[in-house]
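Novice: File name input.txt; file contents compact mmCIF, C-alpha atoms and all ligand atoms; full text below.
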```txt
# COMPACT_ATOMS: atom_id res chain seq x y z
CA MET A 1 74.59 32.43 -16.66
CA ASN A 2 78.02 32.24 -15.12
CA ILE A 3 81.28 31.24 -16.68
CA VAL A 4 81.12 27.53 -15.74
CA SER A 5 77.63 27.16 -17.11
CA GLN A 6 78.64 28.93 -20.29
CA SER A 7 81.63 26.75 -20.92
CA LEU A 8 80.19 23.47 -19.72
CA SER A 9 76.46 23.37 -20.31
CA SER A 10 76.79 22.95 -24.05
CA SER A 11 78.81 19.78 -23.69
CA ALA A 12 78.11 16.58 -21.79
CA ALA A 13 81.84 15.82 -21.81
CA PRO A 14 83.50 15.42 -18.43
CA ILE A 15 85.20 18.49 -17.01
CA SER A 16 88.98 18.38 -17.41
CA ARG A 17 91.83 20.37 -15.91
CA ALA A 18 92.17 22.03 -19.33
CA HIS A 19 88.61 23.38 -18.95
CA CYS A 20 89.65 24.88 -15.63
CA LEU A 21 92.75 26.48 -17.12
CA ALA A 22 90.60 27.98 -19.90
CA MET A 23 88.33 29.50 -17.26
CA ASP A 24 91.36 30.93 -15.50
CA ALA A 25 92.54 32.51 -18.74
CA ALA A 26 89.18 34.32 -19.02
CA ASP A 27 89.10 35.36 -15.35
CA THR A 28 89.22 39.14 -14.99
CA LEU A 29 90.00 38.84 -11.27
CA ALA A 30 92.91 36.41 -11.71
CA SER A 31 95.62 39.02 -11.13
CA ARG A 32 94.22 39.80 -7.63
CA ARG A 33 95.89 36.63 -6.38
CA ASP A 34 99.23 38.48 -6.57
CA LEU A 35 97.97 40.77 -3.81
CA PHE A 36 98.03 37.85 -1.34
CA ALA A 37 100.95 36.09 0.35
CA LEU A 38 99.87 32.48 -0.06
CA PRO A 39 102.33 29.59 0.20
CA GLN A 40 103.02 27.95 -3.19
CA ASP A 41 102.16 24.47 -1.99
CA VAL A 42 98.82 25.36 -0.41
CA ILE A 43 95.31 25.52 -1.87
CA TYR A 44 93.50 27.66 0.63
CA LEU A 45 89.80 26.86 0.96
CA ASP A 46 89.34 28.33 4.43
CA GLY A 47 89.03 32.06 3.74
CA ASN A 48 85.53 31.78 5.22
CA SER A 49 87.21 31.13 8.57
CA LEU A 50 90.45 33.13 8.41
CA GLY A 51 91.20 35.05 5.23
CA ALA A 52 94.62 34.87 3.54
CA MET A 53 97.12 37.64 4.27
CA PRO A 54 97.17 40.54 1.81
CA LYS A 55 100.72 41.62 0.99
CA ALA A 56 99.78 45.21 1.88
CA VAL A 57 99.51 44.28 5.57
CA PRO A 58 103.12 43.71 6.76
CA SER A 59 104.50 47.06 5.58
CA ARG A 60 101.53 48.89 7.12
CA MET A 61 102.09 47.07 10.41
CA THR A 62 105.81 47.81 10.35
CA GLN A 63 105.07 51.49 9.83
CA ALA A 64 102.45 51.50 12.59
CA ILE A 65 104.77 49.78 15.04
CA GLU A 66 108.18 51.24 14.20
CA GLN A 67 107.17 54.78 13.31
CA GLU A 68 103.73 55.65 14.60
CA TRP A 69 104.02 53.81 17.92
CA ALA A 70 107.77 53.74 18.60
CA VAL A 71 108.52 57.29 17.44
CA GLY A 72 105.18 59.07 17.28
CA LEU A 73 104.06 57.67 20.63
CA ILE A 74 100.81 59.13 21.89
CA ARG A 75 101.03 61.97 19.35
CA SER A 76 99.99 59.45 16.69
CA TRP A 77 96.37 59.49 17.88
CA ASN A 78 96.25 62.90 16.19
CA ASP A 79 99.26 63.05 13.90
CA ALA A 80 98.85 59.61 12.29
CA ASP A 81 95.04 59.79 12.28
CA TRP A 82 94.65 56.86 14.65
CA TYR A 83 91.58 58.32 16.31
CA PRO A 84 89.22 58.29 13.28
CA ALA A 85 90.30 54.79 12.16
CA PRO A 86 87.04 53.04 13.29
CA GLN A 87 84.99 55.39 11.10
CA ARG A 88 87.49 55.33 8.23
CA VAL A 89 87.66 51.54 8.05
CA GLY A 90 83.89 51.33 8.51
CA GLY A 91 83.49 53.58 5.48
CA ARG A 92 85.56 51.19 3.38
CA ILE A 93 83.47 48.20 4.47
CA ALA A 94 80.26 50.16 3.81
CA SER A 95 81.05 50.18 0.10
CA LEU A 96 81.11 46.35 0.10
CA ILE A 97 77.78 45.85 1.86
CA GLY A 98 75.49 48.45 0.32
CA ALA A 99 75.68 50.97 3.14
CA LYS A 100 76.61 54.65 3.39
CA PRO A 101 80.03 55.42 4.88
CA ASN A 102 78.44 57.03 7.94
CA GLU A 103 76.39 53.89 8.69
CA VAL A 104 79.26 51.49 9.44
CA ILE A 105 81.88 51.57 12.18
CA VAL A 106 84.53 49.06 13.23
CA ALA A 107 84.55 48.06 16.88
CA ASP A 108 84.85 45.11 19.24
CA SER A 109 84.00 41.56 18.19
CA THR A 110 80.98 40.31 16.30
CA SER A 111 79.64 38.71 19.49
CA VAL A 112 79.86 42.01 21.40
CA ASN A 113 78.28 43.94 18.55
CA LEU A 114 75.41 41.44 18.46
CA PHE A 115 74.85 42.10 22.16
CA LYS A 116 74.81 45.85 21.61
CA LEU A 117 72.37 45.60 18.73
CA LEU A 118 70.01 43.11 20.37
CA VAL A 119 69.61 45.26 23.48
CA SER A 120 69.22 48.37 21.31
CA ALA A 121 66.53 46.71 19.20
CA LEU A 122 64.58 45.51 22.25
CA ARG A 123 64.66 49.05 23.63
CA MET A 124 63.29 50.37 20.34
CA ARG A 125 60.37 47.92 20.45
CA ALA A 126 59.16 48.34 24.01
CA GLY A 127 55.98 46.33 24.53
CA ARG A 128 57.25 43.38 22.50
CA ASN A 129 59.44 40.79 24.13
CA VAL A 130 60.47 38.16 21.58
CA ILE A 131 63.91 37.77 20.03
CA LEU A 132 63.36 35.49 17.05
CA GLY A 133 66.23 33.45 15.66
CA GLU A 134 66.82 30.17 13.85
CA ASN A 135 67.99 26.95 15.44
CA GLY A 136 70.87 26.38 13.01
CA ASN A 137 72.55 29.72 13.53
CA PHE A 138 76.20 30.10 14.50
CA PRO A 139 76.40 29.37 18.25
CA THR A 140 77.57 32.84 19.29
CA ASP A 141 74.46 34.39 17.73
CA ALA A 142 72.23 31.98 19.66
CA TYR A 143 74.19 32.27 22.90
CA VAL A 144 74.19 36.07 22.86
CA ALA A 145 70.45 36.14 22.07
CA SER A 146 69.80 33.82 25.04
CA GLY A 147 72.06 35.91 27.26
CA VAL A 148 70.25 39.10 26.28
CA ALA A 149 66.90 37.40 26.86
CA GLU A 150 67.98 36.37 30.34
CA LEU A 151 69.24 39.86 31.13
CA THR A 152 66.21 41.73 29.84
CA GLY A 153 63.36 39.32 30.53
CA ALA A 154 62.75 38.86 26.81
CA GLN A 155 62.06 35.46 25.28
CA HIS A 156 64.50 33.90 22.80
CA ARG A 157 62.54 31.85 20.28
CA ALA A 158 64.60 29.78 17.82
CA VAL A 159 62.78 28.08 14.94
CA ALA A 160 63.83 25.98 11.94
CA PRO A 161 65.10 28.11 9.02
CA ALA A 162 62.08 27.13 6.91
CA ASP A 163 59.74 28.39 9.63
CA VAL A 164 61.24 31.86 10.12
CA MET A 165 58.73 33.69 7.92
CA ALA A 166 55.74 32.07 9.63
CA ALA A 167 57.22 32.77 13.07
CA LEU A 168 57.27 36.51 12.40
CA THR A 169 54.32 37.44 14.57
CA GLU A 170 53.32 40.74 16.16
CA ASP A 171 55.12 39.97 19.44
CA VAL A 172 58.54 39.79 17.77
CA ALA A 173 60.71 42.76 18.64
CA VAL A 174 63.77 41.69 16.71
CA LEU A 175 64.72 38.95 14.26
CA THR A 176 68.39 37.94 14.29
CA LEU A 177 69.73 35.84 11.43
CA THR A 178 73.02 35.05 9.74
CA HIS A 179 72.62 35.84 6.04
CA VAL A 180 74.77 32.92 4.83
CA ASN A 181 74.68 29.92 7.15
CA TYR A 182 78.12 28.98 8.48
CA LYS A 183 77.56 25.26 8.00
CA SER A 184 75.45 24.84 4.89
CA GLY A 185 76.44 27.98 3.01
CA GLN A 186 72.75 28.62 2.28
CA ALA A 187 71.71 32.28 1.98
CA TYR A 188 68.46 33.87 3.07
CA ASP A 189 66.61 36.25 0.77
CA MET A 190 67.58 39.37 2.72
CA ALA A 191 65.07 41.65 0.99
CA ALA A 192 62.09 39.32 1.44
CA VAL A 193 62.83 38.46 5.07
CA THR A 194 63.45 42.09 6.02
CA ARG A 195 60.23 43.16 4.30
CA ARG A 196 58.19 40.53 6.14
CA ALA A 197 59.77 41.45 9.49
CA HIS A 198 58.93 45.11 8.92
CA GLU A 199 55.34 44.21 8.01
CA VAL A 200 54.86 42.80 11.52
CA GLY A 201 56.73 45.72 13.08
CA ALA A 202 59.93 43.83 13.96
CA LEU A 203 63.51 44.99 13.48
CA VAL A 204 66.16 42.76 11.86
CA ILE A 205 69.82 42.17 12.69
CA TRP A 206 71.78 40.52 9.88
CA ASP A 207 75.04 38.74 10.69
CA LEU A 208 77.16 39.19 7.55
CA ALA A 209 80.10 37.06 8.74
CA HIS A 210 79.94 34.90 5.60
CA THR A 211 78.67 37.64 3.27
CA ALA A 212 80.91 40.70 3.57
CA GLY A 213 83.66 40.48 0.97
CA ALA A 214 82.29 37.17 -0.33
CA MET A 215 79.35 38.42 -2.37
CA PRO A 216 77.47 41.66 -3.03
CA CYS A 217 75.09 42.77 -0.34
CA ASP A 218 72.63 45.65 -0.52
CA LEU A 219 71.73 46.56 3.04
CA ASN A 220 70.07 49.85 2.13
CA GLY A 221 68.39 48.38 -0.93
CA CYS A 222 66.80 45.86 1.46
CA GLU A 223 65.96 48.61 3.99
CA ALA A 224 67.96 46.67 6.59
CA ASP A 225 68.00 47.97 10.15
CA PHE A 226 71.17 46.56 11.66
CA ALA A 227 74.08 44.31 10.70
CA VAL A 228 77.34 42.96 12.08
CA GLY A 229 80.18 40.97 10.58
CA CYS A 230 83.70 39.66 11.07
CA GLY A 231 86.84 41.42 9.88
CA TYR A 232 88.94 38.26 9.69
CA LYS A 233 87.03 36.10 7.19
CA TYR A 234 86.52 37.26 3.58
CA LEU A 235 87.72 40.77 4.53
CA ASN A 236 91.15 39.27 5.33
CA GLY A 237 91.89 41.47 8.37
CA GLY A 238 93.87 38.78 10.20
CA PRO A 239 93.25 36.67 13.30
CA GLY A 240 91.01 38.47 15.78
CA ALA A 241 90.50 41.46 13.46
CA PRO A 242 87.81 43.76 14.83
CA SER A 243 84.22 43.45 13.71
CA PHE A 244 81.99 45.94 11.92
CA VAL A 245 78.56 47.16 12.87
CA PHE A 246 75.93 48.78 10.63
CA VAL A 247 73.06 50.93 11.84
CA ALA A 248 70.73 52.39 9.20
CA GLU A 249 70.86 56.17 9.26
CA ARG A 250 67.13 56.40 10.07
CA HIS A 251 67.82 54.69 13.42
CA HIS A 252 70.86 56.74 14.39
CA GLU A 253 69.09 59.01 16.82
CA SER A 254 66.90 56.35 18.44
CA VAL A 255 69.46 53.60 18.93
CA ARG A 256 70.68 53.34 22.54
CA GLN A 257 73.29 50.64 22.95
CA PRO A 258 73.96 49.28 26.43
CA ILE A 259 77.76 49.35 26.74
CA THR A 260 78.08 53.05 27.38
CA GLY A 261 81.83 53.45 27.14
CA TRP A 262 83.66 56.73 26.73
CA HIS A 263 84.41 56.35 23.02
CA GLY A 264 80.68 56.28 22.33
CA HIS A 265 80.21 59.54 24.22
CA ALA A 266 79.34 62.76 22.39
CA LYS A 267 82.42 64.50 23.85
CA PRO A 268 84.85 61.89 25.19
CA PHE A 269 87.61 64.39 25.88
CA GLU A 270 85.47 66.58 28.09
CA PHE A 271 85.57 63.78 30.68
CA THR A 272 82.16 64.56 32.13
CA GLN A 273 80.52 62.18 34.62
CA THR A 274 77.30 61.80 32.64
CA TYR A 275 76.96 59.65 29.54
CA VAL A 276 75.62 61.43 26.47
CA PRO A 277 75.60 59.26 23.34
CA ALA A 278 77.54 60.53 20.35
CA PRO A 279 75.46 61.52 17.34
CA GLY A 280 75.32 59.00 14.53
CA ILE A 281 77.13 55.70 14.21
CA ASP A 282 79.87 56.77 16.68
CA ARG A 283 77.60 55.84 19.58
CA MET A 284 78.22 52.18 18.75
CA LEU A 285 81.79 52.55 19.98
CA VAL A 286 82.67 51.45 23.49
CA GLY A 287 86.31 51.82 24.52
CA THR A 288 89.70 52.35 22.92
CA ALA A 289 89.80 50.51 19.59
CA PRO A 290 92.30 47.69 18.91
CA GLN A 291 94.36 50.00 16.71
CA MET A 292 96.83 47.43 15.34
CA GLY A 293 93.97 45.20 14.27
CA LEU A 294 92.28 48.17 12.63
CA PHE A 295 95.41 49.05 10.67
CA ALA A 296 95.82 45.47 9.43
CA LEU A 297 92.17 45.39 8.36
CA GLU A 298 92.44 48.77 6.67
CA ALA A 299 95.46 47.66 4.65
CA ALA A 300 93.82 44.33 3.84
CA LEU A 301 90.74 46.05 2.43
CA THR A 302 92.83 47.66 -0.31
CA ALA A 303 92.68 44.25 -2.04
CA PHE A 304 89.06 45.16 -2.87
CA ASP A 305 89.92 48.52 -4.44
CA GLY A 306 88.36 48.67 -7.90
CA VAL A 307 86.70 45.26 -7.59
CA ASP A 308 83.27 45.01 -9.17
CA MET A 309 81.28 42.99 -6.61
CA GLN A 310 79.06 41.57 -9.35
CA ALA A 311 82.16 40.21 -11.09
CA LEU A 312 83.35 38.81 -7.76
CA ARG A 313 79.98 37.10 -7.30
CA ALA A 314 80.10 35.64 -10.81
CA LYS A 315 83.54 34.17 -10.13
CA SER A 316 82.55 32.91 -6.68
CA LEU A 317 79.55 31.10 -8.17
CA ALA A 318 81.71 29.71 -10.97
CA LEU A 319 84.14 28.29 -8.40
CA THR A 320 81.45 26.76 -6.18
CA GLU A 321 79.56 25.34 -9.16
CA LEU A 322 82.75 23.85 -10.55
CA PHE A 323 83.51 22.28 -7.17
CA ILE A 324 80.02 20.75 -6.92
CA ARG A 325 80.20 19.39 -10.46
CA LEU A 326 83.60 17.87 -9.82
CA VAL A 327 82.36 16.24 -6.61
CA ASP A 328 79.62 14.63 -8.72
CA GLN A 329 82.07 13.65 -11.45
CA GLU A 330 85.05 12.44 -9.42
CA LEU A 331 83.82 11.47 -5.96
CA SER A 332 80.46 9.78 -6.45
CA GLU A 333 81.71 6.46 -5.00
CA HIS A 334 83.04 7.83 -1.75
CA GLY A 335 79.95 8.51 0.34
CA PHE A 336 79.86 12.31 0.31
CA GLY A 337 76.62 14.24 0.62
CA LEU A 338 76.11 17.85 -0.42
CA ALA A 339 74.93 20.18 2.37
CA THR A 340 74.95 23.31 0.18
CA PRO A 341 72.16 24.20 -2.26
CA ARG A 342 72.82 23.36 -5.90
CA GLU A 343 70.77 26.39 -6.89
CA ALA A 344 73.29 29.20 -7.34
CA GLY A 345 70.98 31.93 -6.06
CA LEU A 346 70.70 30.18 -2.71
CA ARG A 347 74.45 29.80 -2.15
CA GLY A 348 76.95 32.00 -0.43
CA SER A 349 80.61 31.42 -1.30
CA GLN A 350 81.21 28.05 0.32
CA VAL A 351 80.44 24.42 -0.37
CA SER A 352 79.89 21.96 2.45
CA LEU A 353 80.04 18.22 2.03
CA THR A 354 78.90 15.66 4.55
CA HIS A 355 80.73 12.45 5.44
CA ALA A 356 80.69 10.34 8.60
CA GLU A 357 84.52 10.44 8.64
CA GLY A 358 84.70 14.11 7.76
CA TYR A 359 87.14 15.11 10.48
CA ALA A 360 89.85 12.61 9.48
CA ILE A 361 89.33 13.33 5.77
CA VAL A 362 89.84 17.06 6.32
CA GLN A 363 92.98 16.39 8.37
CA ALA A 364 94.39 14.17 5.60
CA LEU A 365 93.57 16.87 3.04
CA ILE A 366 95.32 19.55 5.12
CA ALA A 367 98.39 17.31 5.36
CA ARG A 368 98.45 17.40 1.54
CA GLY A 369 98.18 21.17 1.39
CA VAL A 370 94.45 21.55 0.71
CA ILE A 371 93.12 23.53 3.63
CA GLY A 372 89.42 23.38 4.46
CA ASP A 373 87.83 22.83 7.85
CA PHE A 374 85.42 20.59 9.71
CA ARG A 375 82.25 21.43 11.60
CA ALA A 376 80.76 18.78 13.87
CA PRO A 377 79.17 16.38 13.46
CA ASP A 378 79.92 15.63 9.81
CA ILE A 379 80.52 18.78 7.71
CA LEU A 380 83.60 19.26 5.51
CA ARG A 381 83.60 22.98 4.76
CA PHE A 382 85.28 24.64 1.80
CA GLY A 383 85.29 28.40 1.33
CA PHE A 384 85.95 30.01 -2.06
CA ALA A 385 87.49 33.47 -1.84
CA ALA A 386 87.25 34.72 -5.41
CA LEU A 387 90.09 37.21 -4.98
CA TYR A 388 92.76 34.56 -4.61
CA LEU A 389 91.48 31.22 -5.90
CA SER A 390 91.65 29.87 -9.42
CA HIS A 391 89.55 27.30 -11.24
CA ALA A 392 92.64 25.09 -11.50
CA ASP A 393 92.86 25.25 -7.69
CA VAL A 394 89.40 23.72 -7.58
CA TRP A 395 90.45 20.93 -9.91
CA ASP A 396 93.60 20.26 -7.89
CA ALA A 397 91.72 20.28 -4.59
CA ILE A 398 89.24 17.70 -5.89
CA ALA A 399 92.09 15.58 -7.29
CA THR A 400 93.72 15.63 -3.86
CA LEU A 401 90.45 14.73 -2.15
CA LYS A 402 90.01 11.85 -4.57
CA ASP A 403 93.52 10.65 -3.80
CA VAL A 404 92.84 10.84 -0.05
CA MET A 405 89.73 8.69 -0.53
CA VAL A 406 91.10 6.17 -3.03
CA SER A 407 94.30 5.62 -1.05
CA GLY A 408 92.42 5.44 2.26
CA ILE A 409 95.18 7.53 3.85
CA TRP A 410 92.59 9.34 5.99
CA ARG A 411 92.32 6.16 8.08
CA SER A 412 95.79 6.80 9.59
CA ALA A 413 95.73 7.31 13.36
CA GLU A 414 97.38 10.73 13.00
CA PHE A 415 94.27 12.09 11.24
CA MET A 416 91.80 10.75 13.78
CA ALA A 417 92.96 12.63 16.92
CA ARG A 418 90.82 15.74 17.43
CA LYS A 419 92.67 19.06 17.76
CA ALA A 420 91.29 22.00 19.78
CA VAL A 421 90.39 24.02 16.66
CA THR A 422 88.72 21.96 13.94
C1 LIG A 501 78.03 33.63 11.62
C2 LIG A 501 79.14 33.96 12.58
N1 LIG A 501 78.97 34.94 13.48
C3 LIG A 501 79.94 35.27 14.36
C4 LIG A 501 81.15 34.58 14.35
C5 LIG A 501 82.25 34.88 15.32
O1 LIG A 501 82.08 35.95 16.12
P1 LIG A 501 83.34 36.51 16.94
O2 LIG A 501 84.20 37.28 15.98
O3 LIG A 501 82.74 37.33 18.01
O4 LIG A 501 84.13 35.34 17.46
C6 LIG A 501 81.36 33.57 13.41
C7 LIG A 501 82.65 32.86 13.40
O5 LIG A 501 82.91 31.95 12.69
C8 LIG A 501 80.33 33.25 12.52
O6 LIG A 501 80.49 32.27 11.63
```
Let's see the structure in the file written out as structure tokens.

Specialist:
Amino acid sequence: MNIVSQSLSSSAAPISRAHCLAMDAADTLASRRDLFALPQDVIYLDGNSLGAMPKAVPSRMTQAIEQEWAVGLIRSWNDADWYPAPQRVGGRIASLIGAKPNEVIVADSTSVNLFKLLVSALRMRAGRNVILGENGNFPTDAYVASGVAELTGAQHRAVAPADVMAALTEDVAVLTLTHVNYKSGQAYDMAAVTRRAHEVGALVIWDLAHTAGAMPCDLNGCEADFAVGCGYKYLNGGPGAPSFVFVAERHHESVRQPITGWHGHAKPFEFTQTYVPAPGIDRMLVGTAPQMGLFALEAALTAFDGVDMQALRAKSLALTELFIRLVDQELSEHGFGLATPREAGLRGSQVSLTHAEGYAIVQALIARGVIGDFRAPDILRFGFAALYLSHADVWDAIATLKDVMVSGIWRSAEFMARKAVT
């Protein structure tokens, strides 16, 4: 039972701000907020899209730019340990997702890593030609799967989330799923789905974009094959931070990814004309890494040092449960639906509401300093990063949302005009 249930289930009394402050006083992760540079007048509920900036980042970037680049110049590839940064940062992420350090490397974007893994998986299952996915996945996952199907002659089959298990038939080469859905925040049972896929001989690629840094994940405990994820969401690596890719050690020698760039070569600095894949996870590399992005991500990850991921999960669930209960308590007259499961075990670290006027409501909220986002056609999305949010933040965010609805301010023309990024 998490902290909200403990403090609230015994009483039918409405939740008050004082309850929230009491929960903050008992929060063992509360001091982590000091590691982030958040504006005082902002409640940031969009860490599932772009994480907040850890204070460790600017000084690391200044050092990388003013010393390592400006003074060290090309010597820094060796002298400042630039070259092994993809492996080093991958090793840090491995500890958050239940992988061994040698199974994760940081490279490219999530979309590109999905491409590499999908082609690799198809090659490892010659004789099968189906890429199975779900029809509510994040678009890039679906688009890349379709693109790979077109390129390779495979078939991309996308089914409803509830039908995934039944669709795992003997012709499926690879199943590609996002663990926590970007819209609903609903999580798959990674262990059960992976087990079923393996029973029919298929491989599985997990997209951990909304999992890594948000909740514990046990890739090896689930005997996962492959995974990818974003560096800029709950890992807080900054806009466009590079992605990570996981390949289970047992597949290291058989995986052959299709973008055979020189950094994935066994001996890049021998400059031979023939591609020989590097041993181990290094073969997932392609070209020169985005070093500045890697350094920002590496510094950002220090915010997780010493964090017990089970404690982080308990706080994340406490925050999302509190938010859902306060929606019930404070907003029942305003036409919101709940798109996220009430059952804690099925939730990631976000809560999504539905409302026909969701876009304008989110814009009005942002104008009042409560930052969430909107996903067409009607989803108001709120992410709860347990490292920097408090229970009082949840109360204040709901109070602001209530004010936006009661005042009707969201009807203003300024909140109706669609911006490029929603
Ligand atoms: C599930 C999922 N996968 C992938 C991405 C993005 O991939 P990329 O970093 O290649 O833009 C997102 C972005 O929101 C996402 O939610």

Novice: For CA of Ser120 in chain A and CA of Lys233 in chain A, determine how far apart the two atoms are, in Å to one decimal place.

Specialist: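 Taking CA of Ser120 in chain A and CA of Lys233 in chain A, their separation equals 25.8 Å.
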
Novice: Starting from 5 Å padding per side, set up an axis-aligned box that covers all listed atoms of range 368-384 of chain A and hand over centre and edge lengths in Å, one decimal, as JSON.

Specialist:
```
{"center_x": 88.8, "center_y": 22.8, "center_z": 5.9, "size_x": 29.3, "size_y": 24.4, "size_z": 25.9}
```

Novice: Give the residue list for ligand LIG 501 (chain A) at 10 Å, counting only C-alpha atoms and all ligand atoms, as a ChimeraX atom specification, sorted by chain and then by residue number.

Specialist: /A:48-50,108-114,137-142,144,177-183,206-211,228-233,239-244

Novice: Excluding Glu170 in chain A and its own-chain neighbours fewer than 3 positions away, which residues fall within 8 Å of it when counting only C-alpha atoms? Please give them as a PyMOL selection string.

Specialist: chain A and resi 128+200-202

Novice: Looking at all atoms listed in the file, which of A:Ala94, A:Ala30, A:Leu322, A:Ile281 is the one that sits closest to Leu219 in chain A?

Specialist: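 Nearest to Leu219 in chain A: A:Ala94.
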
Novice: Which is closer to Gly306 in chain A than all the others in A:Ser95, A:Ala126, A:Tyr188, A:His19, using only C-alpha atoms?

Specialist: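 Ranking A:Ser95, A:Ala126, A:Tyr188, A:His19 by distance to Gly306 in chain A, first place goes to A:Ser95.
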
Novice: Quote the spacing between CA of Ala173 in chain A and CA of Glu249 in chain A in Å to one decimal place.

Specialist: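 Separation of CA of Ala173 in chain A and CA of Glu249 in chain A: 19.3 Å.
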
Novice: With only C-alpha atoms as the counted atoms, please give the residues lying no more than 10 Å from Gln257 in chain A, apart from itself and same-chain residues fewer than 5 positions off, as a list in words.

Specialist: Asn113, Phe115, Lys116, Leu117, Leu118, Val119, Ser120, Ala121, Arg123, Gly264, Pro277, Arg283, Met284, Leu285 and Val286 of chain A
